[in-house]
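Novice: Here you go, final_20.cif (mmCIF, C-alpha atoms):
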```cif
data_coords
#
loop_
_atom_site.group_PDB
_atom_site.id
_atom_site.type_symbol
_atom_site.label_atom_id
_atom_site.label_comp_id
_atom_site.auth_asym_id
_atom_site.auth_seq_id
_atom_site.Cartn_x
_atom_site.Cartn_y
_atom_site.Cartn_z
ATOM 1 C CA SER A 1 -25.106 41.662 -7.702
ATOM 2 C CA PRO A 2 -24.997 44.186 -4.815
ATOM 3 C CA PRO A 3 -25.674 47.767 -5.950
ATOM 4 C CA ALA A 4 -22.814 49.216 -3.880
ATOM 5 C CA PRO A 5 -19.427 48.135 -2.480
ATOM 6 C CA ALA A 6 -19.381 45.952 0.628
ATOM 7 C CA GLY A 7 -19.213 47.851 3.907
ATOM 8 C CA THR A 8 -21.637 50.586 2.869
ATOM 9 C CA LEU A 9 -25.160 51.288 4.066
ATOM 10 C CA GLU A 10 -26.420 50.657 0.538
ATOM 11 C CA SER A 11 -24.904 47.165 0.400
ATOM 12 C CA GLU A 12 -26.191 46.387 3.891
ATOM 13 C CA ARG A 13 -29.692 47.469 2.888
ATOM 14 C CA TYR A 14 -29.466 45.124 -0.085
ATOM 15 C CA LEU A 15 -28.324 42.305 2.208
ATOM 16 C CA ARG A 16 -31.294 42.697 4.565
ATOM 17 C CA THR A 17 -33.963 43.076 1.894
ATOM 18 C CA SER A 18 -32.789 40.719 -0.849
ATOM 19 C CA SER A 19 -34.487 37.413 -1.600
ATOM 20 C CA SER A 20 -31.035 35.893 -2.102
ATOM 21 C CA THR A 21 -29.205 33.765 0.467
ATOM 22 C CA PHE A 22 -25.848 34.710 1.952
ATOM 23 C CA LEU A 23 -22.899 33.038 3.627
ATOM 24 C CA GLU A 24 -21.940 34.883 6.825
ATOM 25 C CA LEU A 25 -18.317 34.609 7.935
ATOM 26 C CA ILE A 26 -17.446 35.732 11.463
ATOM 27 C CA HIS A 27 -13.841 36.788 12.111
ATOM 28 C CA ASN A 28 -12.733 37.413 15.688
ATOM 29 C CA HIS A 29 -9.771 39.769 15.472
ATOM 30 C CA GLY A 30 -6.540 38.059 16.461
ATOM 31 C CA TRP A 31 -7.611 34.563 15.456
ATOM 32 C CA GLU A 32 -5.743 34.914 12.165
ATOM 33 C CA ASP A 33 -2.522 33.973 13.976
ATOM 34 C CA GLY A 34 -3.779 30.381 14.184
ATOM 35 C CA SER A 35 -3.804 30.256 17.983
ATOM 36 C CA VAL A 36 -7.503 29.362 18.100
ATOM 37 C CA PRO A 37 -8.409 26.137 16.270
ATOM 38 C CA ILE A 38 -11.560 26.119 14.141
ATOM 39 C CA TRP A 39 -13.703 22.973 14.332
ATOM 40 C CA ASN A 40 -14.905 22.063 10.839
ATOM 41 C CA GLY A 41 -17.727 19.854 12.090
ATOM 42 C CA ASN A 42 -16.407 16.544 10.790
ATOM 43 C CA THR A 43 -14.330 15.240 13.670
ATOM 44 C CA GLY A 44 -15.654 13.766 16.888
ATOM 45 C CA ARG A 45 -15.874 10.695 19.059
ATOM 46 C CA ASP A 46 -18.430 9.249 16.607
ATOM 47 C CA GLY A 47 -15.997 9.668 13.702
ATOM 48 C CA GLU A 48 -13.720 6.975 12.349
ATOM 49 C CA GLY A 49 -10.067 6.995 11.305
ATOM 50 C CA PRO A 50 -8.874 10.547 10.571
ATOM 51 C CA HIS A 51 -12.298 11.863 11.607
ATOM 52 C CA TYR A 52 -12.000 10.572 15.182
ATOM 53 C CA ALA A 53 -11.410 13.098 17.977
ATOM 54 C CA GLU A 54 -12.028 13.016 21.728
ATOM 55 C CA GLU A 55 -14.252 16.095 21.474
ATOM 56 C CA PRO A 56 -17.043 16.609 20.708
ATOM 57 C CA ALA A 57 -18.918 13.417 21.534
ATOM 58 C CA CYS A 58 -21.060 13.654 18.379
ATOM 59 C CA ARG A 59 -20.512 15.624 15.206
ATOM 60 C CA GLY A 60 -23.010 18.248 14.018
ATOM 61 C CA PHE A 61 -22.529 20.620 11.086
ATOM 62 C CA GLY A 62 -21.079 18.844 8.074
ATOM 63 C CA HIS A 63 -20.483 21.166 5.122
ATOM 64 C CA ILE A 64 -21.802 23.757 2.737
ATOM 65 C CA ALA A 65 -22.067 23.093 -0.992
ATOM 66 C CA PHE A 66 -21.896 24.842 -4.325
ATOM 67 C CA ASN A 67 -23.552 23.641 -7.514
ATOM 68 C CA CYS A 68 -21.851 24.020 -10.887
ATOM 69 C CA ASP A 69 -22.382 22.852 -14.461
ATOM 70 C CA ASP A 70 -19.279 20.612 -14.607
ATOM 71 C CA VAL A 71 -17.822 19.223 -11.382
ATOM 72 C CA TYR A 72 -14.654 17.900 -13.030
ATOM 73 C CA ALA A 73 -13.850 21.167 -14.797
ATOM 74 C CA ALA A 74 -14.611 23.155 -11.648
ATOM 75 C CA CYS A 75 -12.329 20.969 -9.533
ATOM 76 C CA ASP A 76 -9.528 21.225 -12.082
ATOM 77 C CA ALA A 77 -9.805 25.013 -11.939
ATOM 78 C CA LEU A 78 -9.881 25.044 -8.135
ATOM 79 C CA ALA A 79 -6.881 22.714 -7.909
ATOM 80 C CA ALA A 80 -4.961 24.891 -10.364
ATOM 81 C CA ALA A 81 -5.686 27.846 -8.064
ATOM 82 C CA GLY A 82 -4.144 25.985 -5.131
ATOM 83 C CA VAL A 83 -7.326 24.788 -3.418
ATOM 84 C CA ALA A 84 -6.894 21.612 -1.348
ATOM 85 C CA PHE A 85 -9.388 18.763 -1.454
ATOM 86 C CA GLN A 86 -10.824 16.327 1.047
ATOM 87 C CA LYS A 87 -12.149 14.267 -1.867
ATOM 88 C CA LYS A 88 -11.701 14.542 -5.641
ATOM 89 C CA PRO A 89 -14.586 13.667 -8.009
ATOM 90 C CA ASP A 90 -13.222 10.207 -8.882
ATOM 91 C CA GLU A 91 -12.280 9.225 -5.333
ATOM 92 C CA GLY A 92 -14.358 7.202 -2.897
ATOM 93 C CA ARG A 93 -17.689 5.505 -3.485
ATOM 94 C CA MET A 94 -19.622 8.586 -4.575
ATOM 95 C CA LYS A 95 -18.195 9.464 -7.966
ATOM 96 C CA GLY A 96 -18.884 12.792 -9.627
ATOM 97 C CA LEU A 97 -18.907 14.984 -6.532
ATOM 98 C CA ALA A 98 -16.042 16.494 -4.590
ATOM 99 C CA PHE A 99 -15.192 18.144 -1.288
ATOM 100 C CA ALA A 100 -12.840 21.107 -1.423
ATOM 101 C CA LEU A 101 -11.332 22.612 1.742
ATOM 102 C CA ASP A 102 -11.588 26.295 2.569
ATOM 103 C CA PRO A 103 -8.758 28.122 4.436
ATOM 104 C CA ASP A 104 -10.141 26.981 7.815
ATOM 105 C CA GLY A 105 -10.610 23.370 6.752
ATOM 106 C CA TYR A 106 -14.382 23.559 6.330
ATOM 107 C CA TRP A 107 -15.660 21.094 3.749
ATOM 108 C CA ILE A 108 -17.139 22.592 0.568
ATOM 109 C CA GLU A 109 -19.061 20.066 -1.495
ATOM 110 C CA ILE A 110 -18.948 20.610 -5.253
ATOM 111 C CA VAL A 111 -22.099 19.226 -6.877
ATOM 112 C CA ARG A 112 -23.455 19.081 -10.414
ATOM 113 C CA ARG A 113 -26.492 21.112 -11.445
ATOM 114 C CA GLN A 114 -28.484 21.061 -14.661
ATOM 115 C CA ALA A 115 -26.130 22.682 -17.171
ATOM 116 C CA GLY A 116 -27.120 25.858 -18.961
ATOM 117 C CA LEU A 117 -29.751 27.088 -16.495
ATOM 118 C CA PHE A 118 -27.730 29.733 -14.676
ATOM 119 C CA ALA A 119 -25.144 32.263 -15.817
ATOM 120 C CA GLY A 120 -22.949 32.233 -12.717
ATOM 121 C CA PRO A 121 -20.241 29.559 -12.455
ATOM 122 C CA TYR A 122 -21.416 28.486 -8.985
ATOM 123 C CA ASN A 123 -24.426 28.866 -6.721
ATOM 124 C CA LEU A 124 -24.446 28.288 -2.970
ATOM 125 C CA SER A 125 -26.575 25.171 -2.845
ATOM 126 C CA GLN A 126 -26.760 23.678 0.639
ATOM 127 C CA THR A 127 -25.886 23.620 4.318
ATOM 128 C CA MET A 128 -25.712 20.153 5.842
ATOM 129 C CA LEU A 129 -26.560 19.476 9.481
ATOM 130 C CA ARG A 130 -26.552 16.146 11.265
ATOM 131 C CA VAL A 131 -29.681 15.655 13.379
ATOM 132 C CA LYS A 132 -30.787 13.232 16.073
ATOM 133 C CA ASP A 133 -34.379 12.727 14.907
ATOM 134 C CA GLY A 134 -34.925 13.340 11.198
ATOM 135 C CA PRO A 135 -38.746 13.452 11.106
ATOM 136 C CA LYS A 136 -38.831 15.724 14.164
ATOM 137 C CA SER A 137 -36.357 18.165 12.593
ATOM 138 C CA VAL A 138 -38.223 18.152 9.263
ATOM 139 C CA ALA A 139 -41.458 18.944 11.113
ATOM 140 C CA PHE A 140 -39.738 21.871 12.867
ATOM 141 C CA TYR A 141 -38.336 23.484 9.738
ATOM 142 C CA GLU A 142 -41.542 22.889 7.766
ATOM 143 C CA GLY A 143 -44.079 23.689 10.443
ATOM 144 C CA MET A 144 -42.307 26.442 12.363
ATOM 145 C CA LEU A 145 -40.161 28.163 9.737
ATOM 146 C CA GLY A 146 -42.175 27.558 6.581
ATOM 147 C CA MET A 147 -39.614 25.597 4.600
ATOM 148 C CA LYS A 148 -40.687 23.073 1.957
ATOM 149 C CA LEU A 149 -39.445 19.491 1.850
ATOM 150 C CA LEU A 150 -38.060 18.946 -1.655
ATOM 151 C CA ARG A 151 -36.408 15.556 -1.375
ATOM 152 C CA ALA A 152 -36.320 12.702 1.134
ATOM 153 C CA LEU A 153 -33.853 9.867 0.557
ATOM 154 C CA GLU A 154 -33.807 6.711 2.651
ATOM 155 C CA ILE A 155 -30.614 4.695 2.285
ATOM 156 C CA GLU A 156 -31.628 1.298 3.627
ATOM 157 C CA SER A 157 -28.203 -0.299 3.194
ATOM 158 C CA ALA A 158 -26.517 2.237 5.471
ATOM 159 C CA LYS A 159 -29.523 2.983 7.722
ATOM 160 C CA PHE A 160 -29.651 6.737 7.257
ATOM 161 C CA SER A 161 -31.856 9.353 5.594
ATOM 162 C CA LEU A 162 -31.236 12.679 3.899
ATOM 163 C CA PHE A 163 -33.834 15.443 3.835
ATOM 164 C CA PHE A 164 -33.550 18.524 1.624
ATOM 165 C CA LEU A 165 -35.642 21.595 2.496
ATOM 166 C CA ALA A 166 -35.782 25.079 0.975
ATOM 167 C CA SER A 167 -37.427 28.437 1.549
ATOM 168 C CA LEU A 168 -39.430 28.738 -1.668
ATOM 169 C CA THR A 169 -42.769 30.297 -2.483
ATOM 170 C CA ASP A 170 -45.393 28.142 -4.167
ATOM 171 C CA ALA A 171 -44.698 29.996 -7.428
ATOM 172 C CA GLU A 172 -40.935 29.414 -7.139
ATOM 173 C CA LEU A 173 -41.472 25.714 -6.470
ATOM 174 C CA ALA A 174 -43.820 25.418 -9.465
ATOM 175 C CA GLU A 175 -41.234 27.161 -11.646
ATOM 176 C CA ALA A 176 -38.524 24.780 -10.466
ATOM 177 C CA PHE A 177 -40.756 21.750 -11.014
ATOM 178 C CA ALA A 178 -41.339 22.895 -14.601
ATOM 179 C CA ARG A 179 -37.558 22.739 -15.194
ATOM 180 C CA LEU A 180 -37.399 19.031 -14.360
ATOM 181 C CA PRO A 181 -37.054 16.536 -17.215
ATOM 182 C CA GLU A 182 -40.409 15.476 -18.634
ATOM 183 C CA GLU A 183 -40.040 11.890 -17.421
ATOM 184 C CA GLU A 184 -39.564 13.119 -13.831
ATOM 185 C CA ARG A 185 -42.600 15.407 -13.996
ATOM 186 C CA THR A 186 -44.689 12.554 -15.341
ATOM 187 C CA ALA A 187 -43.497 10.158 -12.640
ATOM 188 C CA HIS A 188 -44.491 12.706 -9.995
ATOM 189 C CA GLY A 189 -47.971 13.139 -11.416
ATOM 190 C CA GLY A 190 -47.656 16.851 -12.043
ATOM 191 C CA THR A 191 -46.733 17.854 -8.460
ATOM 192 C CA LEU A 192 -43.431 17.359 -6.670
ATOM 193 C CA ASP A 193 -43.411 14.304 -4.419
ATOM 194 C CA PRO A 194 -40.388 14.480 -2.053
ATOM 195 C CA ARG A 195 -40.373 10.685 -1.706
ATOM 196 C CA LYS A 196 -39.892 10.080 -5.429
ATOM 197 C CA PRO A 197 -36.537 10.443 -7.237
ATOM 198 C CA SER A 198 -35.952 13.862 -8.794
ATOM 199 C CA SER A 199 -33.215 16.314 -9.722
ATOM 200 C CA ILE A 200 -35.049 19.212 -8.059
ATOM 201 C CA THR A 201 -31.964 20.378 -6.120
ATOM 202 C CA GLN A 202 -30.093 20.679 -9.438
ATOM 203 C CA VAL A 203 -32.564 23.116 -11.004
ATOM 204 C CA ILE A 204 -32.979 25.747 -8.263
ATOM 205 C CA TRP A 205 -30.719 28.706 -7.500
ATOM 206 C CA PRO A 206 -31.475 29.101 -3.748
ATOM 207 C CA PRO A 207 -29.726 26.726 -1.349
ATOM 208 C CA VAL A 208 -31.311 23.877 0.555
ATOM 209 C CA LEU A 209 -30.947 22.784 4.151
ATOM 210 C CA GLU A 210 -29.770 19.167 4.126
ATOM 211 C CA LEU A 211 -30.525 17.177 7.270
ATOM 212 C CA THR A 212 -28.581 13.934 7.758
ATOM 213 C CA TYR A 213 -30.280 11.444 10.065
ATOM 214 C CA ASN A 214 -28.773 8.131 11.191
ATOM 215 C CA TRP A 215 -31.577 5.746 12.074
ATOM 216 C CA GLY A 216 -31.885 4.916 15.743
ATOM 217 C CA THR A 217 -30.115 7.920 17.229
ATOM 218 C CA GLU A 218 -33.503 9.304 18.312
ATOM 219 C CA LYS A 219 -33.735 6.383 20.762
ATOM 220 C CA ASP A 220 -30.314 7.009 22.314
ATOM 221 C CA PRO A 221 -30.658 9.268 25.379
ATOM 222 C CA ASP A 222 -26.925 10.037 25.295
ATOM 223 C CA PHE A 223 -26.802 11.118 21.652
ATOM 224 C CA LYS A 224 -26.595 14.887 21.197
ATOM 225 C CA VAL A 225 -25.101 16.588 18.150
ATOM 226 C CA HIS A 226 -22.575 19.357 18.740
ATOM 227 C CA ASN A 227 -24.015 22.708 17.630
ATOM 228 C CA GLY A 228 -20.659 24.480 17.224
ATOM 229 C CA ASN A 229 -21.276 27.203 19.804
ATOM 230 C CA THR A 230 -19.403 25.582 22.680
ATOM 231 C CA GLU A 231 -15.882 24.155 22.544
ATOM 232 C CA PRO A 232 -14.802 23.113 20.008
ATOM 233 C CA LYS A 233 -16.228 26.090 18.128
ATOM 234 C CA GLY A 234 -16.852 26.472 14.431
ATOM 235 C CA PHE A 235 -20.276 26.518 12.782
ATOM 236 C CA ASN A 236 -22.534 29.134 14.405
ATOM 237 C CA GLY A 237 -26.053 28.766 12.998
ATOM 238 C CA ILE A 238 -28.504 29.556 10.224
ATOM 239 C CA ALA A 239 -30.742 32.623 9.940
ATOM 240 C CA PHE A 240 -34.118 33.681 8.566
ATOM 241 C CA LEU A 241 -35.417 37.144 7.677
ATOM 242 C CA VAL A 242 -38.897 38.072 8.945
ATOM 243 C CA ASP A 243 -41.242 41.006 8.391
ATOM 244 C CA ASP A 244 -41.948 41.679 12.081
ATOM 245 C CA LEU A 245 -39.369 40.296 14.488
ATOM 246 C CA ARG A 246 -41.371 40.640 17.698
ATOM 247 C CA VAL A 247 -44.514 39.152 16.232
ATOM 248 C CA ALA A 248 -42.560 36.219 14.775
ATOM 249 C CA VAL A 249 -40.814 35.499 18.089
ATOM 250 C CA ALA A 250 -44.066 35.715 20.058
ATOM 251 C CA GLU A 251 -45.855 33.352 17.672
ATOM 252 C CA LEU A 252 -43.040 30.800 17.650
ATOM 253 C CA GLU A 253 -42.602 30.894 21.425
ATOM 254 C CA ALA A 254 -46.351 30.386 21.860
ATOM 255 C CA ARG A 255 -46.025 27.256 19.738
ATOM 256 C CA GLY A 256 -43.312 25.871 21.995
ATOM 257 C CA VAL A 257 -40.115 26.897 20.188
ATOM 258 C CA PRO A 258 -37.288 27.643 22.676
ATOM 259 C CA VAL A 259 -36.145 31.288 22.464
ATOM 260 C CA THR A 260 -32.575 31.731 23.704
ATOM 261 C CA LYS A 261 -32.344 35.475 22.983
ATOM 262 C CA ARG A 262 -35.266 37.852 22.676
ATOM 263 C CA PRO A 263 -35.429 41.165 20.816
ATOM 264 C CA GLY A 264 -34.084 43.967 23.008
ATOM 265 C CA GLU A 265 -31.645 41.733 24.871
ATOM 266 C CA GLY A 266 -27.861 41.977 24.565
ATOM 267 C CA GLY A 267 -25.914 44.266 22.293
ATOM 268 C CA MET A 268 -27.780 43.234 19.140
ATOM 269 C CA LYS A 269 -31.256 44.487 20.017
ATOM 270 C CA GLU A 270 -32.959 43.781 16.698
ATOM 271 C CA MET A 271 -32.345 40.072 16.405
ATOM 272 C CA ALA A 272 -33.482 36.936 18.186
ATOM 273 C CA LEU A 273 -32.154 33.421 18.596
ATOM 274 C CA LEU A 274 -34.170 30.228 18.620
ATOM 275 C CA ALA A 275 -33.048 26.661 19.286
ATOM 276 C CA ASP A 276 -34.034 23.928 16.851
ATOM 277 C CA PRO A 277 -34.714 20.370 18.130
ATOM 278 C CA ASP A 278 -30.963 19.642 18.241
ATOM 279 C CA GLY A 279 -29.984 22.941 19.830
ATOM 280 C CA TYR A 280 -28.641 24.499 16.630
ATOM 281 C CA ALA A 281 -28.897 28.293 16.733
ATOM 282 C CA VAL A 282 -31.546 29.757 14.423
ATOM 283 C CA GLU A 283 -31.242 33.518 14.112
ATOM 284 C CA LEU A 284 -34.229 35.714 13.230
ATOM 285 C CA MET A 285 -33.647 39.201 11.820
ATOM 286 C CA PRO A 286 -36.114 41.781 10.536
ATOM 287 C CA ARG A 287 -35.910 42.693 6.874
ATOM 288 C CA GLY A 288 -34.128 46.019 6.542
ATOM 289 C CA LEU A 289 -32.051 45.576 9.708
ATOM 290 C CA SER A 290 -28.991 47.834 9.880
ATOM 291 C CA TYR A 291 -25.866 47.558 12.014
ATOM 292 C CA ALA A 292 -25.227 51.288 11.688
ATOM 293 C CA GLY A 293 -23.946 52.564 15.016
ATOM 294 C CA LEU A 294 -22.558 49.150 15.975
ATOM 295 C CA CYS A 295 -20.081 48.817 13.099
ATOM 296 C CA SER A 296 -17.336 51.407 12.721
ATOM 297 C CA ASN A 297 -17.553 51.340 8.929
ATOM 298 C CA LEU A 298 -21.302 52.035 8.675
#
```
Please express what this file holds, its structure, as structure tokens.

Specialist:
Amino acid sequence: SPPAPAGTLESERYLRTSSSTFLELIHNHGWEDGSVPIWNGNTGRDGEGPHYAEEPACRGFGHIAFNCDDVYAACDALAAAGVAFQKKPDEGRMKGLAFALDPDGYWIEIVRRQAGLFAGPYNLSQTMLRVKDGPKSVAFYEGMLGMKLLRALEIESAKFSLFFLASLTDAELAEAFARLPEEERTAHGGTLDPRKPSSITQVIWPPVLELTYNWGTEKDPDFKVHNGNTEPKGFNGIAFLVDDLRVAVAELEARGVPVTKRPGEGGMKEMALLADPDGYAVELMPRGLSYAGLCSNL
């Protein structure tokens, strides 16, 4: 847990140096009156029924997720606390998982993890993004940002794939692999094979990046996911910490990654923005970054 209360230099230092992952919420003052609608990522012209909307043309961000030991017990507790649901665990085709709704209508998937591994009741477990070209996006996050592909699912009946990637060291991945049931480790031959079935996402504490890819969209010149940073607005982007911001940006730009904001530009000098293959914003920040001088409470 943070060593100091939120809003202090000590807590900010922890935020920018920790190996943990964080959920960043941006509040524009005045929006609390409800005059500005928040797009939750799941409505668009490519949606059906209640998920259809004239804008945007194609959906993008889908949801975040939390793992827990018992999905049913967790959902009962959330419902008792007044939390609304898009889907209860026993509803729909996919039994045993749920989608709660946060105050802005964002979908929060509630997923089962291996019971007894972690002390906390929940762990932030994923961010889901829809992508145009699954293999191309996987190559970007693996090759450019050093993530590891943990799981690749191809659903032939519905013509789509899911890819799960995480920022793990080799040692962390080996530790997670050792937590898998013996029959899974044996089936994988002693080393994780993303193409083989496994419960790897249920035995790690850090979250994964889930990429949802509908087959054939890469061939459609008019298909472009909505990144959330133009109207309608909602999801903003994901971020990575780096040791040396300027070196990281220079190396990535030299390898062909689009840089939409360089260090030294704008009000936030010590951060950069990249664009992934779908135009999603990828923020880079140096470890130890402080907003002191920009924020009135620091």

Novice: Have a look at CA of Met285 (chain A) and CA of Met128 (chain A) and let me know their distance in Å, one decimal.

Specialist: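 Interatomic distance here is 21.5 Å.
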
Novice: Expressed in Å to a single decimal, how great is the separation between CA of Ser137 (chain A) and CA of Asp276 (chain A)?

Specialist: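 Spanning CA of Ser137 (chain A) to CA of Asp276 (chain A) is a straight-line distance of 7.5 Å.
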
Novice: Tell me which residues the PyMOL selection byres ((chain A and resi 62-76) around 9) grabs here, as a VMD selection string.

Specialist: chain A and resid 40 to 42 59 to 61 77 to 81 83 85 88 to 90 96 to 100 106 to 118 120 to 130 202 205 207 212

Novice: Name the closest residue to Asp278 (chain A) among the candidates A:Leu150, A:Leu23, A:Ala84, A:Cys58; distances are taken between atoms, counting only C-alpha atoms.

Specialist: A:Cys58

Novice: Decode the PyMOL selection byres ((chain A and resi 195) around 12) for the given file into explicit residues and return them as a ChimeraX atom specification.

Specialist: /A:149-154,161-164,187-188,191-194,196-198,200

Novice: Got a sec to resolve the PyMOL selection byres ((chain A and resi 173) around 12) on this structure and send the residues as a PyMOL selection string?

Specialist: chain A and resi 147-150+165-172+174-180+191-193+200-201+203-206

Novice: So how far away is CA of Ile238 (chain A) from CA of Leu25 (chain A), in Å?

Specialist: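 Interatomic distance, CA of Leu25 (chain A) to CA of Ile238 (chain A): 11.6 Å.
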
Novice: For the structure just given, write the atoms of region 128-204 of chain A, namely C-alpha atoms, as a PDB file, in the first residue's frame.

Specialist:
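Result written to result-v3.pdb:
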```
ATOM      1  CA  MET A 128      -9.434  -4.491 -23.179  1.00  0.00           C
ATOM      2  CA  LEU A 129      -8.934  -2.722 -26.502  1.00  0.00           C
ATOM      3  CA  ARG A 130     -10.491  -3.595 -29.831  1.00  0.00           C
ATOM      4  CA  VAL A 131      -7.930  -3.576 -32.650  1.00  0.00           C
ATOM      5  CA  LYS A 132      -8.056  -3.651 -36.435  1.00  0.00           C
ATOM      6  CA  ASP A 133      -5.165  -6.062 -37.027  1.00  0.00           C
ATOM      7  CA  GLY A 134      -4.472  -8.420 -34.130  1.00  0.00           C
ATOM      8  CA  PRO A 135      -1.063  -9.784 -35.196  1.00  0.00           C
ATOM      9  CA  LYS A 136       0.160  -6.278 -36.053  1.00  0.00           C
ATOM     10  CA  SER A 137      -0.884  -4.929 -32.642  1.00  0.00           C
ATOM     11  CA  VAL A 138       0.680  -7.895 -30.819  1.00  0.00           C
ATOM     12  CA  ALA A 139       3.939  -7.285 -32.694  1.00  0.00           C
ATOM     13  CA  PHE A 140       3.860  -3.614 -31.637  1.00  0.00           C
ATOM     14  CA  TYR A 141       3.330  -4.243 -27.938  1.00  0.00           C
ATOM     15  CA  GLU A 142       5.822  -7.125 -27.878  1.00  0.00           C
ATOM     16  CA  GLY A 143       8.490  -5.691 -30.130  1.00  0.00           C
ATOM     17  CA  MET A 144       8.286  -1.997 -29.282  1.00  0.00           C
ATOM     18  CA  LEU A 145       7.165  -1.944 -25.649  1.00  0.00           C
ATOM     19  CA  GLY A 146       8.579  -5.219 -24.361  1.00  0.00           C
ATOM     20  CA  MET A 147       5.352  -6.899 -23.317  1.00  0.00           C
ATOM     21  CA  LYS A 148       5.036 -10.694 -23.279  1.00  0.00           C
ATOM     22  CA  LEU A 149       2.235 -12.583 -25.002  1.00  0.00           C
ATOM     23  CA  LEU A 150       0.683 -14.840 -22.355  1.00  0.00           C
ATOM     24  CA  ARG A 151      -2.378 -16.194 -24.112  1.00  0.00           C
ATOM     25  CA  ALA A 152      -3.763 -16.240 -27.651  1.00  0.00           C
ATOM     26  CA  LEU A 153      -7.295 -17.541 -28.191  1.00  0.00           C
ATOM     27  CA  GLU A 154      -8.796 -18.078 -31.627  1.00  0.00           C
ATOM     28  CA  ILE A 155     -12.571 -18.456 -31.591  1.00  0.00           C
ATOM     29  CA  GLU A 156     -13.270 -20.043 -34.962  1.00  0.00           C
ATOM     30  CA  SER A 157     -17.051 -20.119 -34.547  1.00  0.00           C
ATOM     31  CA  ALA A 158     -17.275 -16.347 -34.120  1.00  0.00           C
ATOM     32  CA  LYS A 159     -14.230 -15.409 -36.243  1.00  0.00           C
ATOM     33  CA  PHE A 160     -12.337 -13.403 -33.650  1.00  0.00           C
ATOM     34  CA  SER A 161      -9.188 -13.686 -31.535  1.00  0.00           C
ATOM     35  CA  LEU A 162      -8.184 -12.529 -28.075  1.00  0.00           C
ATOM     36  CA  PHE A 163      -4.584 -11.760 -27.154  1.00  0.00           C
ATOM     37  CA  PHE A 164      -3.411 -11.233 -23.576  1.00  0.00           C
ATOM     38  CA  LEU A 165      -0.091  -9.446 -22.989  1.00  0.00           C
ATOM     39  CA  ALA A 166       1.661  -8.342 -19.798  1.00  0.00           C
ATOM     40  CA  SER A 167       4.719  -6.417 -18.677  1.00  0.00           C
ATOM     41  CA  LEU A 168       6.555  -9.158 -16.786  1.00  0.00           C
ATOM     42  CA  THR A 169      10.215  -9.932 -16.291  1.00  0.00           C
ATOM     43  CA  ASP A 170      11.458 -13.393 -17.211  1.00  0.00           C
ATOM     44  CA  ALA A 171      11.662 -14.214 -13.490  1.00  0.00           C
ATOM     45  CA  GLU A 172       8.084 -13.031 -12.874  1.00  0.00           C
ATOM     46  CA  LEU A 173       6.806 -15.101 -15.792  1.00  0.00           C
ATOM     47  CA  ALA A 174       8.665 -18.189 -14.536  1.00  0.00           C
ATOM     48  CA  GLU A 175       7.177 -17.658 -11.074  1.00  0.00           C
ATOM     49  CA  ALA A 176       3.686 -17.378 -12.535  1.00  0.00           C
ATOM     50  CA  PHE A 177       4.191 -20.469 -14.692  1.00  0.00           C
ATOM     51  CA  ALA A 178       5.173 -22.421 -11.571  1.00  0.00           C
ATOM     52  CA  ARG A 179       1.763 -21.570 -10.047  1.00  0.00           C
ATOM     53  CA  LEU A 180      -0.126 -23.280 -12.870  1.00  0.00           C
ATOM     54  CA  PRO A 181      -1.679 -26.694 -12.214  1.00  0.00           C
ATOM     55  CA  GLU A 182       0.733 -29.543 -12.887  1.00  0.00           C
ATOM     56  CA  GLU A 183      -1.274 -30.841 -15.845  1.00  0.00           C
ATOM     57  CA  GLU A 184      -1.031 -27.427 -17.550  1.00  0.00           C
ATOM     58  CA  ARG A 185       2.724 -27.186 -16.985  1.00  0.00           C
ATOM     59  CA  THR A 186       3.172 -30.662 -18.409  1.00  0.00           C
ATOM     60  CA  ALA A 187       1.039 -29.891 -21.462  1.00  0.00           C
ATOM     61  CA  HIS A 188       3.183 -26.820 -22.136  1.00  0.00           C
ATOM     62  CA  GLY A 189       6.419 -28.774 -21.933  1.00  0.00           C
ATOM     63  CA  GLY A 190       7.898 -26.748 -19.109  1.00  0.00           C
ATOM     64  CA  THR A 191       7.641 -23.321 -20.806  1.00  0.00           C
ATOM     65  CA  LEU A 192       4.540 -21.216 -21.371  1.00  0.00           C
ATOM     66  CA  ASP A 193       3.114 -21.591 -24.868  1.00  0.00           C
ATOM     67  CA  PRO A 194       0.591 -18.769 -25.528  1.00  0.00           C
ATOM     68  CA  ARG A 195      -1.223 -20.921 -28.097  1.00  0.00           C
ATOM     69  CA  LYS A 196      -2.013 -23.689 -25.613  1.00  0.00           C
ATOM     70  CA  PRO A 197      -4.826 -23.498 -23.023  1.00  0.00           C
ATOM     71  CA  SER A 198      -3.745 -22.199 -19.618  1.00  0.00           C
ATOM     72  CA  SER A 199      -5.000 -20.306 -16.584  1.00  0.00           C
ATOM     73  CA  ILE A 200      -1.972 -17.991 -16.595  1.00  0.00           C
ATOM     74  CA  THR A 201      -4.085 -14.815 -16.321  1.00  0.00           C
ATOM     75  CA  GLN A 202      -5.657 -16.233 -13.140  1.00  0.00           C
ATOM     76  CA  VAL A 203      -2.357 -16.659 -11.289  1.00  0.00           C
ATOM     77  CA  ILE A 204      -0.680 -13.262 -11.800  1.00  0.00           C
TER      78      ILE A 204
END
```
